[in-house]
$ cat upload-v2.txt   # compact mmCIF, C-alpha atoms
# COMPACT_ATOMS: atom_id res chain seq x y z
CA MET I 240 -26.86 -46.86 36.91
CA LEU I 241 -30.37 -48.28 36.88
CA ARG I 242 -32.71 -45.73 35.38
CA LEU I 243 -36.35 -46.23 34.56
CA SER I 244 -36.67 -45.12 30.94
CA LYS I 245 -39.55 -45.32 28.47
CA LYS I 246 -37.61 -47.93 26.54
CA LEU I 247 -37.24 -50.08 29.67
CA LEU I 248 -40.94 -49.80 30.50
CA PHE I 249 -41.86 -50.62 26.90
CA ALA I 250 -39.59 -53.68 26.90
CA ILE I 251 -41.09 -55.08 30.09
CA GLU I 252 -44.62 -54.33 28.87
CA ALA I 253 -43.93 -55.96 25.50
CA VAL I 254 -42.59 -59.19 27.01
CA LEU I 255 -45.48 -59.26 29.48
CA ASP I 256 -47.97 -58.62 26.65
CA ILE I 257 -46.52 -61.50 24.64
CA ALA I 258 -46.64 -63.83 27.65
CA TYR I 259 -50.13 -62.73 28.65
CA ASN I 260 -51.70 -62.69 25.19
CA ALA I 261 -49.97 -65.54 23.39
CA GLY I 262 -52.46 -68.15 22.35
CA THR I 263 -51.44 -70.96 20.06
CA GLY I 264 -49.64 -68.61 17.67
CA PRO I 265 -47.15 -65.79 17.96
CA VAL I 266 -48.10 -62.26 18.97
CA GLN I 267 -47.69 -59.65 16.24
CA SER I 268 -45.95 -56.36 17.01
CA GLY I 269 -48.93 -54.41 15.67
CA ASP I 270 -51.15 -56.09 18.26
CA ILE I 271 -48.72 -55.14 21.03
CA THR I 272 -48.66 -51.55 19.77
CA GLY I 273 -52.46 -51.49 19.75
CA ARG I 274 -52.89 -52.91 23.23
CA GLN I 275 -50.01 -51.14 24.98
CA GLY I 276 -49.71 -47.92 22.99
CA ILE I 277 -45.98 -48.49 22.49
CA PRO I 278 -44.63 -46.54 19.52
CA ARG I 279 -43.51 -48.91 16.78
CA ARG I 280 -40.05 -47.30 16.50
CA TYR I 281 -39.27 -48.27 20.11
CA LEU I 282 -40.99 -51.60 19.93
CA GLU I 283 -39.24 -53.13 16.93
CA GLN I 284 -35.77 -52.20 18.18
CA VAL I 285 -36.46 -53.62 21.64
CA LEU I 286 -38.09 -56.80 20.31
CA GLN I 287 -35.11 -57.55 18.08
CA GLN I 288 -32.70 -57.11 20.99
CA LEU I 289 -34.84 -59.39 23.14
CA VAL I 290 -34.71 -62.01 20.36
CA ARG I 291 -30.90 -61.73 20.21
CA ALA I 292 -30.76 -62.12 24.00
CA GLY I 293 -32.81 -65.34 23.87
CA ILE I 294 -35.80 -63.93 25.75
CA LEU I 295 -38.07 -63.87 22.72
CA ALA I 296 -38.19 -65.89 19.51
CA GLY I 297 -39.20 -64.33 16.24
CA VAL I 298 -41.56 -66.21 13.95
CA ARG I 299 -41.43 -65.29 10.25
CA GLY I 300 -44.23 -65.27 7.76
CA PRO I 301 -47.60 -63.64 7.25
CA LYS I 302 -48.89 -64.94 10.58
CA GLY I 303 -45.54 -64.40 12.25
CA GLY I 304 -44.69 -62.38 15.27
CA TYR I 305 -43.03 -63.04 18.60
CA ARG I 306 -43.30 -65.64 21.30
CA LEU I 307 -41.36 -66.32 24.46
CA ALA I 308 -38.15 -68.26 23.87
CA ARG I 309 -38.47 -69.91 27.30
CA GLU I 310 -41.20 -70.60 29.82
CA ARG I 311 -42.64 -67.56 31.62
CA ARG I 312 -41.28 -68.78 34.92
CA ARG I 313 -37.75 -68.84 33.49
CA ILE I 314 -37.64 -65.22 32.31
CA THR I 315 -36.98 -62.49 34.86
CA VAL I 316 -37.48 -58.75 34.79
CA GLY I 317 -33.78 -58.42 35.63
CA GLU I 318 -32.86 -60.07 32.32
CA ILE I 319 -34.99 -57.59 30.41
CA VAL I 320 -33.42 -54.69 32.31
CA ARG I 321 -29.92 -55.88 31.34
CA VAL I 322 -30.87 -56.12 27.66
CA VAL I 323 -32.26 -52.58 27.60
CA ARG I 324 -29.27 -51.21 29.52
CA ALA I 325 -27.00 -52.75 26.87
CA ILE I 326 -29.05 -51.04 24.12
CA ASP I 327 -28.93 -47.67 25.87
CA GLY I 328 -25.22 -47.92 26.64
CA GLY I 329 -23.83 -44.64 27.85
CA GLU I 330 -21.55 -43.86 30.73
CA ASP I 331 -22.09 -45.23 34.20
CA PRO I 332 -21.27 -42.45 36.68
CA LEU I 333 -20.37 -45.09 39.27
CA GLU I 334 -17.37 -46.09 37.16
CA ASP I 335 -16.00 -42.54 36.87
CA ASP I 336 -12.69 -42.23 38.74
CA GLY I 337 -12.99 -38.45 39.09
CA GLY I 338 -14.80 -36.41 41.67
CA ALA I 339 -14.44 -35.72 45.35
CA GLU I 340 -13.30 -38.26 47.90
CA LEU I 341 -16.71 -38.31 49.65
CA GLY I 342 -18.38 -39.17 46.38
CA ARG I 343 -15.87 -41.85 45.39
CA ARG I 344 -15.61 -43.54 48.78
CA VAL I 345 -19.04 -43.02 50.34
CA VAL I 346 -21.81 -41.98 47.92
CA ARG I 347 -20.87 -44.16 44.91
CA PRO I 348 -20.41 -47.34 46.98
CA LEU I 349 -23.80 -46.71 48.62
CA TRP I 350 -25.41 -46.23 45.20
CA ALA I 351 -23.75 -49.40 43.90
CA GLU I 352 -25.11 -51.37 46.88
CA LEU I 353 -28.61 -50.05 46.28
CA GLN I 354 -28.39 -50.86 42.59
CA ASP I 355 -27.27 -54.41 43.40
CA GLU I 356 -30.22 -54.83 45.77
CA VAL I 357 -32.67 -53.59 43.14
CA MET I 358 -31.23 -55.95 40.51
CA LYS I 359 -31.46 -58.91 42.92
CA ARG I 360 -35.13 -58.09 43.46
CA LEU I 361 -35.75 -57.74 39.70
CA ASP I 362 -33.97 -61.06 39.13
CA ALA I 363 -36.47 -62.64 41.53
CA VAL I 364 -39.54 -61.35 39.64
CA THR I 365 -40.56 -63.64 36.79
CA ILE I 366 -42.82 -62.95 33.85
CA GLU I 367 -45.08 -65.68 35.26
CA GLU I 368 -45.48 -63.60 38.44
CA LEU I 369 -46.37 -60.51 36.39
CA CYS I 370 -48.93 -62.54 34.41
CA THR I 371 -50.50 -63.66 37.68
CA ARG I 372 -50.59 -60.05 38.88
CA ALA I 373 -52.29 -59.00 35.64
CA HIS I 374 -54.85 -61.78 36.03
CA ASN I 375 -55.49 -60.82 39.65
CA ALA I 376 -55.96 -57.20 38.54
CA GLY I 377 -58.76 -58.37 36.23
CA ILE I 378 -56.96 -57.68 32.95
CA SER I 379 -58.37 -59.79 30.15
CA GLY I 380 -56.09 -61.75 27.85
CA GLU I 381 -55.28 -65.24 26.64
CA TYR I 382 -53.47 -66.04 29.92
CA ALA I 383 -56.60 -65.20 31.91
CA ALA I 384 -58.76 -67.21 29.51
CA ARG I 385 -56.54 -70.29 29.97
CA LEU I 386 -56.79 -70.00 33.76
CA ASP I 387 -60.56 -69.53 33.76
CA PHE I 388 -62.12 -72.88 33.03
CA SER I 389 -65.08 -74.82 34.31
CA ILE I 390 -65.84 -78.51 34.55

$ encode --input "upload-v2.txt" --output "structure tokens"
Amino acid sequence: MLRLSKKLLFAIEAVLDIAYNAGTGPVQSGDITGRQGIPRRYLEQVLQQLVRAGILAGVRGPKGGYRLARERRRITVGEIVRVVRAIDGGEDPLEDDGGAELGRRVVRPLWAELQDEVMKRLDAVTIEELCTRAHNAGISGEYAARLDFSI
């Protein structure tokens, strides 16, 4: 079942931070922690999973950090949600065969439909769209600086 957890929020915020603040070099996890207030213990675990999933790329070395593995417009919030759900694991109550007939045949199918609709919507929201929203909200960052130019 889709549940909004701290880990999920942190993962979305971290990817958005990397997309929004990446200049010519990678974004360091300490910078993300400083800007977003994400505890390091959550952040490192999530960042590594996002690297394994091909959403982020890790850059080693003293000036290393993280960058997007693909263009912002090719990464969706739905992808990030799936990565975090895989980390969290746990039972999905929709897959439980027990319970009353009303629950199995009416309530659970309704919940599954709603979950599918939410995931379709999240699959339609790209990191590029979130960067644009951040820019329109007046949040400063490298993304905003690249869009703001004069001739």

$ closest_residue --input "upload-v2.txt" --among "I:Pro301, I:Gly262, I:Arg242, I:Ala250" --to "Arg279 of chain I" --atoms "only C-alpha atoms"
I:Ala250

$ atom_distance --input "upload-v2.txt" --atom1 "atom CA of Arg321 of chain I" --atom2 "atom CA of Arg343 of chain I"
24.3 Å

$ residues_around --input "upload-v2.txt" --residues "Cys370 of chain I" --least-positions-apart "5" --cutoff "12 Å" --atoms "all atoms listed in the file" --output "NGL selection string"
:I and (251-252 or 254-261 or 311-312 or 314-315 or 364-365 or 375-386)

$ atom_distance --input "upload-v2.txt" --atom1 "atom CA of Thr263 of chain I" --atom2 "atom CA of Val320 of chain I"
27.2 Å

$ atom_distance --input "upload-v2.txt" --atom1 "atom CA of Val290 of chain I" --atom2 "atom CA of Gln354 of chain I"
25.7 Å

$ residues_around --input "upload-v2.txt" --residues "Gly269 of chain I" --least-positions-apart "4" --cutoff "10 Å" --atoms "all atoms listed in the file" --output "list in words"
Gly273, Arg274, Gln275, Gly276, Ile277, Pro278, Arg279, Leu282, Glu283 and Gly304 of chain I

$ closest_residue --input "upload-v2.txt" --among "I:Gly264, I:Gly317, I:Gly337, I:Gly328" --to "Gly297 of chain I" --atoms "only C-alpha atoms"
I:Gly264

$ residues_around --input "upload-v2.txt" --residues "Ala292 of chain I" --least-positions-apart "2" --cutoff "9 Å" --atoms "only C-alpha atoms" --output "PyMOL selection string"
chain I and resi 287-290+294-295+318-319+322

$ closest_residue --input "upload-v2.txt" --among "I:Asp336, I:Arg360, I:Gln267, I:His374" --to "Arg306 of chain I" --atoms "all atoms listed in the file"
I:Gln267
